[in-house]
$ cat protein-v1.csv   # CSV, N, CA and C atoms
chain,number,residue,atom,x,y,z
A,1,MET,N,-6.2,-4.1,13.9
A,1,MET,CA,-7.5,-3.7,13.5
A,1,MET,C,-7.7,-4.0,12.0
A,2,LEU,N,-8.9,-4.4,11.7
A,2,LEU,CA,-9.3,-4.5,10.3
A,2,LEU,C,-10.4,-3.6,10.0
A,3,GLY,N,-10.4,-3.1,8.7
A,3,GLY,CA,-11.5,-2.3,8.3
A,3,GLY,C,-11.6,-2.2,6.8
A,4,THR,N,-12.5,-1.4,6.3
A,4,THR,CA,-12.6,-1.2,4.8
A,4,THR,C,-12.3,0.2,4.5
A,5,ILE,N,-11.8,0.5,3.3
A,5,ILE,CA,-11.5,1.8,2.9
A,5,ILE,C,-11.7,1.9,1.4
A,6,THR,N,-12.0,3.1,0.9
A,6,THR,CA,-12.2,3.2,-0.5
A,6,THR,C,-10.9,3.3,-1.2
A,7,VAL,N,-10.8,2.9,-2.4
A,7,VAL,CA,-9.6,3.0,-3.2
A,7,VAL,C,-9.2,4.5,-3.4
A,8,THR,N,-10.2,5.3,-3.5
A,8,THR,CA,-9.9,6.8,-3.7
A,8,THR,C,-9.2,7.3,-2.5
A,9,ASP,N,-9.6,6.9,-1.2
A,9,ASP,CA,-8.9,7.3,0.0
A,9,ASP,C,-7.4,6.8,0.0
A,10,VAL,N,-7.2,5.6,-0.5
A,10,VAL,CA,-5.9,5.0,-0.5
A,10,VAL,C,-5.0,5.7,-1.5
A,11,LEU,N,-5.5,6.1,-2.6
A,11,LEU,CA,-4.7,6.8,-3.7
A,11,LEU,C,-4.1,8.1,-3.2
A,12,ALA,N,-4.8,8.8,-2.2
A,12,ALA,CA,-4.3,10.0,-1.7
A,12,ALA,C,-3.3,9.9,-0.6
A,13,MET,N,-3.1,8.7,-0.1
A,13,MET,CA,-2.2,8.4,1.0
A,13,MET,C,-0.8,8.6,0.5
A,14,TRP,N,0.1,8.9,1.5
A,14,TRP,CA,1.5,8.9,1.2
A,14,TRP,C,2.0,7.4,1.2
A,15,THR,N,3.2,7.2,0.7
A,15,THR,CA,3.8,5.9,0.6
A,15,THR,C,5.3,6.0,0.7
A,16,PRO,N,6.0,5.0,1.3
A,16,PRO,CA,7.4,5.0,1.3
A,16,PRO,C,7.8,4.8,-0.2
A,17,ASP,N,8.8,5.5,-0.6
A,17,ASP,CA,9.3,5.4,-2.0
A,17,ASP,C,10.1,4.1,-2.1
A,18,ASP,N,10.0,3.4,-3.2
A,18,ASP,CA,10.8,2.2,-3.2
A,18,ASP,C,11.8,2.2,-4.3
A,19,ASP,N,12.3,3.4,-4.7
A,19,ASP,CA,13.3,3.4,-5.7
A,19,ASP,C,14.7,3.8,-5.1
A,20,GLY,N,14.8,3.9,-3.8
A,20,GLY,CA,16.0,4.2,-3.2
A,20,GLY,C,16.4,5.7,-3.0
A,21,THR,N,15.5,6.6,-3.4
A,21,THR,CA,15.8,8.0,-3.3
A,21,THR,C,15.5,8.6,-1.9
A,22,GLY,N,14.6,7.9,-1.2
A,22,GLY,CA,14.1,8.4,0.1
A,22,GLY,C,13.0,9.4,-0.1
A,23,ASP,N,12.6,9.8,-1.3
A,23,ASP,CA,11.5,10.7,-1.5
A,23,ASP,C,10.2,9.9,-1.3
A,24,CYS,N,9.1,10.6,-1.0
A,24,CYS,CA,7.8,10.0,-0.8
A,24,CYS,C,6.8,10.6,-1.8
A,25,TYR,N,5.9,9.8,-2.2
A,25,TYR,CA,4.9,10.2,-3.1
A,25,TYR,C,3.6,9.7,-2.6
A,26,THR,N,2.5,10.1,-3.3
A,26,THR,CA,1.2,9.5,-3.0
A,26,THR,C,1.2,8.1,-3.6
A,27,VAL,N,0.2,7.3,-3.1
A,27,VAL,CA,0.0,6.0,-3.7
A,27,VAL,C,-0.3,6.1,-5.2
A,28,ALA,N,-1.1,7.1,-5.6
A,28,ALA,CA,-1.5,7.3,-7.0
A,28,ALA,C,-0.3,7.5,-7.9
A,29,ASP,N,0.8,8.1,-7.4
A,29,ASP,CA,2.0,8.4,-8.1
A,29,ASP,C,2.8,7.1,-8.4
A,30,THR,N,2.6,6.0,-7.7
A,30,THR,CA,3.4,4.9,-7.8
A,30,THR,C,2.8,3.7,-8.6
A,31,LEU,N,1.6,3.8,-8.9
A,31,LEU,CA,0.9,2.7,-9.5
A,31,LEU,C,1.3,2.3,-10.9
A,32,ASP,N,1.7,3.3,-11.8
A,32,ASP,CA,2.2,2.9,-13.1
A,32,ASP,C,3.4,2.1,-13.0
A,33,TYR,N,4.3,2.4,-12.0
A,33,TYR,CA,5.5,1.7,-11.8
A,33,TYR,C,5.2,0.3,-11.3
A,34,LYS,N,4.3,0.2,-10.4
A,34,LYS,CA,3.9,-1.1,-9.8
A,34,LYS,C,3.3,-2.1,-10.9
A,35,ARG,N,2.6,-1.5,-11.9
A,35,ARG,CA,2.0,-2.3,-13.0
A,35,ARG,C,3.1,-2.9,-13.9
A,36,GLN,N,4.3,-2.4,-13.8
A,36,GLN,CA,5.4,-2.9,-14.7
A,36,GLN,C,6.0,-4.2,-14.2
A,37,ASN,N,5.6,-4.6,-13.0
A,37,ASN,CA,6.2,-5.8,-12.4
A,37,ASN,C,5.8,-7.0,-13.3
A,38,PRO,N,6.8,-7.9,-13.6
A,38,PRO,CA,6.5,-9.0,-14.5
A,38,PRO,C,5.4,-9.9,-13.9
A,39,ASP,N,5.2,-9.9,-12.7
A,39,ASP,CA,4.1,-10.8,-12.1
A,39,ASP,C,2.8,-10.1,-11.9
A,40,TYR,N,2.7,-8.9,-12.4
A,40,TYR,CA,1.5,-8.1,-12.2
A,40,TYR,C,0.3,-8.7,-12.9
A,41,ALA,N,0.4,-9.2,-14.1
A,41,ALA,CA,-0.7,-9.8,-14.8
A,41,ALA,C,-1.2,-11.0,-14.1
A,42,ASP,N,-0.3,-11.8,-13.5
A,42,ASP,CA,-0.7,-13.0,-12.8
A,42,ASP,C,-1.5,-12.6,-11.5
A,43,LEU,N,-1.1,-11.5,-10.9
A,43,LEU,CA,-1.8,-11.0,-9.7
A,43,LEU,C,-3.2,-10.6,-10.1
A,44,VAL,N,-3.3,-9.9,-11.1
A,44,VAL,CA,-4.6,-9.4,-11.6
A,44,VAL,C,-5.5,-10.6,-11.8
A,45,GLU,N,-5.0,-11.6,-12.5
A,45,GLU,CA,-5.9,-12.8,-12.8
A,45,GLU,C,-6.2,-13.5,-11.6
A,46,GLU,N,-5.3,-13.6,-10.6
A,46,GLU,CA,-5.6,-14.3,-9.3
A,46,GLU,C,-6.7,-13.5,-8.6
A,47,ILE,N,-6.6,-12.2,-8.6
A,47,ILE,CA,-7.6,-11.4,-7.9
A,47,ILE,C,-9.0,-11.5,-8.6
A,48,ARG,N,-8.9,-11.5,-9.9
A,48,ARG,CA,-10.2,-11.7,-10.7
A,48,ARG,C,-10.9,-13.0,-10.3
A,49,LYS,N,-10.1,-14.1,-10.1
A,49,LYS,CA,-10.7,-15.4,-9.7
A,49,LYS,C,-11.1,-15.4,-8.3
A,50,ASP,N,-10.2,-15.0,-7.4
A,50,ASP,CA,-10.4,-15.3,-5.9
A,50,ASP,C,-10.7,-14.0,-5.1
A,51,GLY,N,-10.6,-12.8,-5.7
A,51,GLY,CA,-10.7,-11.6,-4.9
A,51,GLY,C,-9.4,-11.3,-4.2
A,52,ILE,N,-9.3,-10.2,-3.5
A,52,ILE,CA,-8.1,-9.8,-2.8
A,52,ILE,C,-8.2,-10.5,-1.4
A,53,THR,N,-7.2,-11.4,-1.2
A,53,THR,CA,-7.3,-12.3,0.0
A,53,THR,C,-6.4,-11.8,1.1
A,54,VAL,N,-5.5,-10.8,0.8
A,54,VAL,CA,-4.6,-10.3,1.9
A,54,VAL,C,-4.9,-8.8,2.0
A,55,PRO,N,-5.2,-8.3,3.2
A,55,PRO,CA,-5.5,-6.9,3.3
A,55,PRO,C,-4.3,-6.0,3.0
A,56,ILE,N,-4.6,-4.8,2.6
A,56,ILE,CA,-3.5,-3.8,2.4
A,56,ILE,C,-3.0,-3.4,3.9
A,57,PHE,N,-1.8,-2.9,4.0
A,57,PHE,CA,-1.3,-2.5,5.3
A,57,PHE,C,-1.1,-1.0,5.4
A,58,ILE,N,-1.8,-0.4,6.3
A,58,ILE,CA,-1.8,1.1,6.5
A,58,ILE,C,-1.3,1.4,7.9
A,59,ARG,N,-0.3,2.3,8.0
A,59,ARG,CA,0.2,2.8,9.3
A,59,ARG,C,0.1,4.3,9.3
A,60,THR,N,0.4,4.9,10.5
A,60,THR,CA,0.4,6.3,10.6
A,60,THR,C,1.8,6.8,11.1
A,61,LEU,N,2.2,7.9,10.5
A,61,LEU,CA,3.5,8.5,10.9
A,61,LEU,C,3.2,10.0,10.9
A,62,ASP,N,3.5,10.7,12.0
A,62,ASP,CA,3.3,12.1,12.2
A,62,ASP,C,1.9,12.5,11.9
A,63,GLY,N,0.9,11.6,12.2
A,63,GLY,CA,-0.5,12.0,12.1
A,63,GLY,C,-1.0,11.8,10.7
A,64,ARG,N,-0.2,11.2,9.8
A,64,ARG,CA,-0.6,11.0,8.4
A,64,ARG,C,-0.6,9.5,8.0
A,65,PRO,N,-1.7,9.1,7.4
A,65,PRO,CA,-1.7,7.6,7.0
A,65,PRO,C,-0.8,7.4,5.8
A,66,TRP,N,-0.2,6.3,5.8
A,66,TRP,CA,0.7,5.8,4.8
A,66,TRP,C,0.4,4.4,4.4
A,67,LEU,N,0.4,4.1,3.1
A,67,LEU,CA,0.2,2.7,2.6
A,67,LEU,C,1.6,2.1,2.7
A,68,ALA,N,1.7,1.1,3.6
A,68,ALA,CA,3.0,0.5,3.7
A,68,ALA,C,3.2,-0.8,2.9
A,69,ASP,N,2.1,-1.4,2.6
A,69,ASP,CA,2.1,-2.6,1.8
A,69,ASP,C,0.8,-2.8,1.1
A,70,GLY,N,0.8,-3.2,-0.2
A,70,GLY,CA,-0.4,-3.5,-0.9
A,70,GLY,C,-0.5,-2.7,-2.2
A,71,HIS,N,0.5,-2.0,-2.7
A,71,HIS,CA,0.5,-1.2,-3.8
A,71,HIS,C,0.0,-1.9,-5.1
A,72,HIS,N,0.5,-3.1,-5.3
A,72,HIS,CA,0.1,-3.9,-6.5
A,72,HIS,C,-1.4,-4.3,-6.3
A,73,ARG,N,-1.8,-4.6,-5.1
A,73,ARG,CA,-3.2,-4.9,-4.9
A,73,ARG,C,-4.1,-3.7,-5.2
A,74,VAL,N,-3.7,-2.6,-4.8
A,74,VAL,CA,-4.4,-1.3,-5.1
A,74,VAL,C,-4.5,-1.1,-6.6
A,75,ALA,N,-3.4,-1.3,-7.3
A,75,ALA,CA,-3.4,-1.1,-8.8
A,75,ALA,C,-4.4,-2.1,-9.4
A,76,ALA,N,-4.3,-3.4,-9.0
A,76,ALA,CA,-5.2,-4.4,-9.5
A,76,ALA,C,-6.6,-4.1,-9.2
A,77,ALA,N,-6.9,-3.6,-8.0
A,77,ALA,CA,-8.3,-3.3,-7.7
A,77,ALA,C,-8.8,-2.3,-8.7
A,78,ILE,N,-8.0,-1.2,-8.9
A,78,ILE,CA,-8.5,-0.2,-9.9
A,78,ILE,C,-8.7,-0.8,-11.3
A,79,ASP,N,-7.8,-1.7,-11.7
A,79,ASP,CA,-7.9,-2.3,-13.1
A,79,ASP,C,-9.1,-3.2,-13.2
A,80,LEU,N,-9.5,-3.8,-12.0
A,80,LEU,CA,-10.7,-4.7,-12.0
A,80,LEU,C,-12.0,-4.0,-11.6
A,81,GLY,N,-11.9,-2.7,-11.3
A,81,GLY,CA,-13.2,-2.0,-10.9
A,81,GLY,C,-13.6,-2.2,-9.5
A,82,ILE,N,-12.7,-2.7,-8.7
A,82,ILE,CA,-13.0,-2.8,-7.2
A,82,ILE,C,-12.8,-1.5,-6.6
A,83,ASP,N,-13.8,-1.0,-5.8
A,83,ASP,CA,-13.7,0.3,-5.2
A,83,ASP,C,-13.5,0.3,-3.7
A,84,MET,N,-13.6,-0.9,-3.0
A,84,MET,CA,-13.4,-1.0,-1.6
A,84,MET,C,-12.3,-2.0,-1.3
A,85,LEU,N,-11.5,-1.7,-0.3
A,85,LEU,CA,-10.4,-2.6,0.0
A,85,LEU,C,-10.5,-2.9,1.5
A,86,ILE,N,-10.0,-4.1,1.9
A,86,ILE,CA,-9.8,-4.4,3.3
A,86,ILE,C,-8.4,-4.0,3.7
A,87,TRP,N,-8.3,-3.3,4.9
A,87,TRP,CA,-7.0,-2.9,5.4
A,87,TRP,C,-6.8,-3.4,6.8
A,88,THR,N,-5.5,-3.5,7.1
A,88,THR,CA,-5.1,-3.8,8.5
A,88,THR,C,-4.0,-2.9,8.9
A,89,ASP,N,-3.8,-2.7,10.2
A,89,ASP,CA,-2.6,-2.0,10.7
A,89,ASP,C,-1.8,-2.9,11.6
A,90,ILE,N,-2.1,-4.2,11.5
A,90,ILE,CA,-1.3,-5.1,12.3
A,90,ILE,C,0.0,-5.3,11.5
A,91,PRO,N,1.1,-5.2,12.2
A,91,PRO,CA,2.4,-5.3,11.5
A,91,PRO,C,2.6,-6.6,10.7
A,92,LEU,N,3.1,-6.4,9.5
A,92,LEU,CA,3.4,-7.6,8.7
A,92,LEU,C,4.9,-7.5,8.4
A,93,ASP,N,5.5,-8.5,7.7
A,93,ASP,CA,6.9,-8.4,7.4
A,93,ASP,C,7.0,-7.2,6.4
A,94,VAL,N,7.9,-6.3,6.7
A,94,VAL,CA,8.2,-5.2,5.8
A,94,VAL,C,9.6,-5.3,5.3
A,95,GLU,N,9.8,-5.1,4.0
A,95,GLU,CA,11.2,-5.2,3.4
A,95,GLU,C,12.1,-4.3,4.2
A,96,PRO,N,13.3,-4.7,4.5
A,96,PRO,CA,14.2,-3.9,5.3
A,96,PRO,C,15.1,-3.0,4.5
A,97,HIS,N,14.5,-2.3,3.5
A,97,HIS,CA,15.3,-1.4,2.7
A,97,HIS,C,15.8,-0.2,3.6
A,98,ARG,N,17.0,0.2,3.4
A,98,ARG,CA,17.5,1.3,4.2
A,98,ARG,C,16.7,2.6,4.1
A,99,PHE,N,16.1,2.8,2.9
A,99,PHE,CA,15.3,4.0,2.7
A,99,PHE,C,13.9,3.9,3.1
A,100,ASN,N,13.5,2.8,3.6
A,100,ASN,CA,12.1,2.6,4.0
A,100,ASN,C,11.9,3.2,5.4
A,101,PRO,N,11.1,4.3,5.5
A,101,PRO,CA,11.0,5.0,6.8
A,101,PRO,C,10.4,4.1,7.9
A,102,MET,N,9.7,3.0,7.5
A,102,MET,CA,9.2,2.1,8.5
A,102,MET,C,10.3,1.5,9.3
A,103,MET,N,11.5,1.4,8.7
A,103,MET,CA,12.6,0.8,9.4
A,103,MET,C,13.3,1.8,10.3
A,104,GLN,N,13.0,3.1,10.2
A,104,GLN,CA,13.8,4.1,10.8
A,104,GLN,C,13.1,4.8,12.0
A,105,ARG,N,11.7,4.8,12.0
A,105,ARG,CA,11.0,5.6,13.0
A,105,ARG,C,9.9,4.7,13.6
A,106,GLN,N,9.3,5.3,14.6
A,106,GLN,CA,8.1,4.6,15.2
A,106,GLN,C,6.9,5.0,14.5
A,107,TRP,N,6.2,4.0,14.0
A,107,TRP,CA,4.9,4.2,13.3
A,107,TRP,C,3.8,3.8,14.2
A,108,GLY,N,2.7,4.6,14.1
A,108,GLY,CA,1.6,4.3,14.9
A,108,GLY,C,0.5,3.5,14.2
A,109,PRO,N,-0.5,3.0,14.8
A,109,PRO,CA,-1.5,2.3,14.1
A,109,PRO,C,-2.4,3.2,13.3
A,110,TYR,N,-3.0,2.7,12.3
A,110,TYR,CA,-3.9,3.6,11.5
A,110,TYR,C,-5.3,3.5,12.1
A,111,ARG,N,-5.8,4.6,12.4
A,111,ARG,CA,-7.2,4.8,13.0
A,111,ARG,C,-7.9,5.8,12.2
A,112,PRO,N,-8.7,5.4,11.2
A,112,PRO,CA,-9.4,6.4,10.4
A,112,PRO,C,-10.4,7.2,11.2
A,113,ALA,N,-10.7,8.4,10.7
A,113,ALA,CA,-11.7,9.3,11.4
A,113,ALA,C,-13.0,8.6,11.3
A,114,ALA,N,-13.8,8.7,12.4
A,114,ALA,CA,-15.1,8.1,12.5
A,114,ALA,C,-16.1,8.9,11.7

$ encode --input "protein-v1.csv" --output "structure tokens"
Amino acid sequence: MLGTITVTDVLAMWTPDDDGTGDCYTVADTLDYKRQNPDYADLVEEIRKDGITVPIFIRTLDGRPWLADGHHRVAAAIDLGIDMLIWTDIPLDVEPHRFNPMMQRQWGPYRPAA
């Protein structure tokens, strides 16, 4: 499924922690870290020129939506004043980190409330 979602809604979602601790945070809590990536400035410039060409990836676990991929794109959207994002729940390649809960449990598709 494809859809659109506000950046504000994405910021409140939970996200797999990527520092190896197994803790989970909201997307908003991770963006300062994501902006430290050495390639972040290039991503922002690419999005400024071409827009966001790859949807963010949202899945559901235990009835709660999680942002599984697209954190850097969300940060760039905020920095560029973009307030709507395209999302998908079609599985993409997900990094096989041992602490990534997507590798450990059954995740459902994301279906926002109508």

$ closest_residue --input "protein-v1.csv" --among "A:Ala77, A:Val44, A:Leu85, A:Ala68" --to "Pro16 (chain A)" --atoms "only C-alpha atoms"
A:Ala68

$ atom_distance --input "protein-v1.csv" --atom1 "CA of Ile90 (chain A)" --atom2 "CA of Leu67 (chain A)"
12.5 Å

$ residues_around --input "protein-v1.csv" --residues "Trp87 (chain A)" --least-positions-apart "2" --cutoff "8 Å" --atoms "all atoms listed in the file" --output "PyMOL selection string"
chain A and resi 1-5+54-58+84-85+89-90

$ closest_residue --input "protein-v1.csv" --among "A:Asp83, A:Asp50, A:Asp32, A:Asp69" --to "Val7 (chain A)" --atoms "only C-alpha atoms"
A:Asp83

$ closest_residue --input "protein-v1.csv" --among "A:Glu45, A:Pro38, A:Pro65, A:Thr60" --to "Ala12 (chain A)" --atoms "all atoms listed in the file"
A:Pro65

$ select_by_dssp --input "protein-v1.csv" --residues "region 6-88 of chain A" --states "strand (DSSP E or B)" --output "PDB file with N, CA and C atoms, keeping the file's coordinate frame"
ATOM      1  N   THR A   6     -12.000   3.100   0.900  1.00  0.00           N
ATOM      2  CA  THR A   6     -12.200   3.200  -0.500  1.00  0.00           C
ATOM      3  C   THR A   6     -10.900   3.300  -1.200  1.00  0.00           C
ATOM      4  N   TRP A  14       0.100   8.900   1.500  1.00  0.00           N
ATOM      5  CA  TRP A  14       1.500   8.900   1.200  1.00  0.00           C
ATOM      6  C   TRP A  14       2.000   7.400   1.200  1.00  0.00           C
ATOM      7  N   THR A  15       3.200   7.200   0.700  1.00  0.00           N
ATOM      8  CA  THR A  15       3.800   5.900   0.600  1.00  0.00           C
ATOM      9  C   THR A  15       5.300   6.000   0.700  1.00  0.00           C
ATOM     10  N   PRO A  16       6.000   5.000   1.300  1.00  0.00           N
ATOM     11  CA  PRO A  16       7.400   5.000   1.300  1.00  0.00           C
ATOM     12  C   PRO A  16       7.800   4.800  -0.200  1.00  0.00           C
ATOM     13  N   CYS A  24       9.100  10.600  -1.000  1.00  0.00           N
ATOM     14  CA  CYS A  24       7.800  10.000  -0.800  1.00  0.00           C
ATOM     15  C   CYS A  24       6.800  10.600  -1.800  1.00  0.00           C
ATOM     16  N   TYR A  25       5.900   9.800  -2.200  1.00  0.00           N
ATOM     17  CA  TYR A  25       4.900  10.200  -3.100  1.00  0.00           C
ATOM     18  C   TYR A  25       3.600   9.700  -2.600  1.00  0.00           C
ATOM     19  N   THR A  26       2.500  10.100  -3.300  1.00  0.00           N
ATOM     20  CA  THR A  26       1.200   9.500  -3.000  1.00  0.00           C
ATOM     21  C   THR A  26       1.200   8.100  -3.600  1.00  0.00           C
ATOM     22  N   ILE A  56      -4.600  -4.800   2.600  1.00  0.00           N
ATOM     23  CA  ILE A  56      -3.500  -3.800   2.400  1.00  0.00           C
ATOM     24  C   ILE A  56      -3.000  -3.400   3.900  1.00  0.00           C
ATOM     25  N   PHE A  57      -1.800  -2.900   4.000  1.00  0.00           N
ATOM     26  CA  PHE A  57      -1.300  -2.500   5.300  1.00  0.00           C
ATOM     27  C   PHE A  57      -1.100  -1.000   5.400  1.00  0.00           C
ATOM     28  N   ILE A  58      -1.800  -0.400   6.300  1.00  0.00           N
ATOM     29  CA  ILE A  58      -1.800   1.100   6.500  1.00  0.00           C
ATOM     30  C   ILE A  58      -1.300   1.400   7.900  1.00  0.00           C
ATOM     31  N   ARG A  59      -0.300   2.300   8.000  1.00  0.00           N
ATOM     32  CA  ARG A  59       0.200   2.800   9.300  1.00  0.00           C
ATOM     33  C   ARG A  59       0.100   4.300   9.300  1.00  0.00           C
ATOM     34  N   THR A  60       0.400   4.900  10.500  1.00  0.00           N
ATOM     35  CA  THR A  60       0.400   6.300  10.600  1.00  0.00           C
ATOM     36  C   THR A  60       1.800   6.800  11.100  1.00  0.00           C
ATOM     37  N   LEU A  61       2.200   7.900  10.500  1.00  0.00           N
ATOM     38  CA  LEU A  61       3.500   8.500  10.900  1.00  0.00           C
ATOM     39  C   LEU A  61       3.200  10.000  10.900  1.00  0.00           C
ATOM     40  N   ARG A  64      -0.200  11.200   9.800  1.00  0.00           N
ATOM     41  CA  ARG A  64      -0.600  11.000   8.400  1.00  0.00           C
ATOM     42  C   ARG A  64      -0.600   9.500   8.000  1.00  0.00           C
ATOM     43  N   PRO A  65      -1.700   9.100   7.400  1.00  0.00           N
ATOM     44  CA  PRO A  65      -1.700   7.600   7.000  1.00  0.00           C
ATOM     45  C   PRO A  65      -0.800   7.400   5.800  1.00  0.00           C
ATOM     46  N   TRP A  66      -0.200   6.300   5.800  1.00  0.00           N
ATOM     47  CA  TRP A  66       0.700   5.800   4.800  1.00  0.00           C
ATOM     48  C   TRP A  66       0.400   4.400   4.400  1.00  0.00           C
ATOM     49  N   LEU A  67       0.400   4.100   3.100  1.00  0.00           N
ATOM     50  CA  LEU A  67       0.200   2.700   2.600  1.00  0.00           C
ATOM     51  C   LEU A  67       1.600   2.100   2.700  1.00  0.00           C
ATOM     52  N   ALA A  68       1.700   1.100   3.600  1.00  0.00           N
ATOM     53  CA  ALA A  68       3.000   0.500   3.700  1.00  0.00           C
ATOM     54  C   ALA A  68       3.200  -0.800   2.900  1.00  0.00           C
ATOM     55  N   ASP A  69       2.100  -1.400   2.600  1.00  0.00           N
ATOM     56  CA  ASP A  69       2.100  -2.600   1.800  1.00  0.00           C
ATOM     57  C   ASP A  69       0.800  -2.800   1.100  1.00  0.00           C
ATOM     58  N   MET A  84     -13.600  -0.900  -3.000  1.00  0.00           N
ATOM     59  CA  MET A  84     -13.400  -1.000  -1.600  1.00  0.00           C
ATOM     60  C   MET A  84     -12.300  -2.000  -1.300  1.00  0.00           C
ATOM     61  N   LEU A  85     -11.500  -1.700  -0.300  1.00  0.00           N
ATOM     62  CA  LEU A  85     -10.400  -2.600   0.000  1.00  0.00           C
ATOM     63  C   LEU A  85     -10.500  -2.900   1.500  1.00  0.00           C
ATOM     64  N   ILE A  86     -10.000  -4.100   1.900  1.00  0.00           N
ATOM     65  CA  ILE A  86      -9.800  -4.400   3.300  1.00  0.00           C
ATOM     66  C   ILE A  86      -8.400  -4.000   3.700  1.00  0.00           C
ATOM     67  N   TRP A  87      -8.300  -3.300   4.900  1.00  0.00           N
ATOM     68  CA  TRP A  87      -7.000  -2.900   5.400  1.00  0.00           C
ATOM     69  C   TRP A  87      -6.800  -3.400   6.800  1.00  0.00           C
ATOM     70  N   THR A  88      -5.500  -3.500   7.100  1.00  0.00           N
ATOM     71  CA  THR A  88      -5.100  -3.800   8.500  1.00  0.00           C
ATOM     72  C   THR A  88      -4.000  -2.900   8.900  1.00  0.00           C
TER      73      THR A  88
END
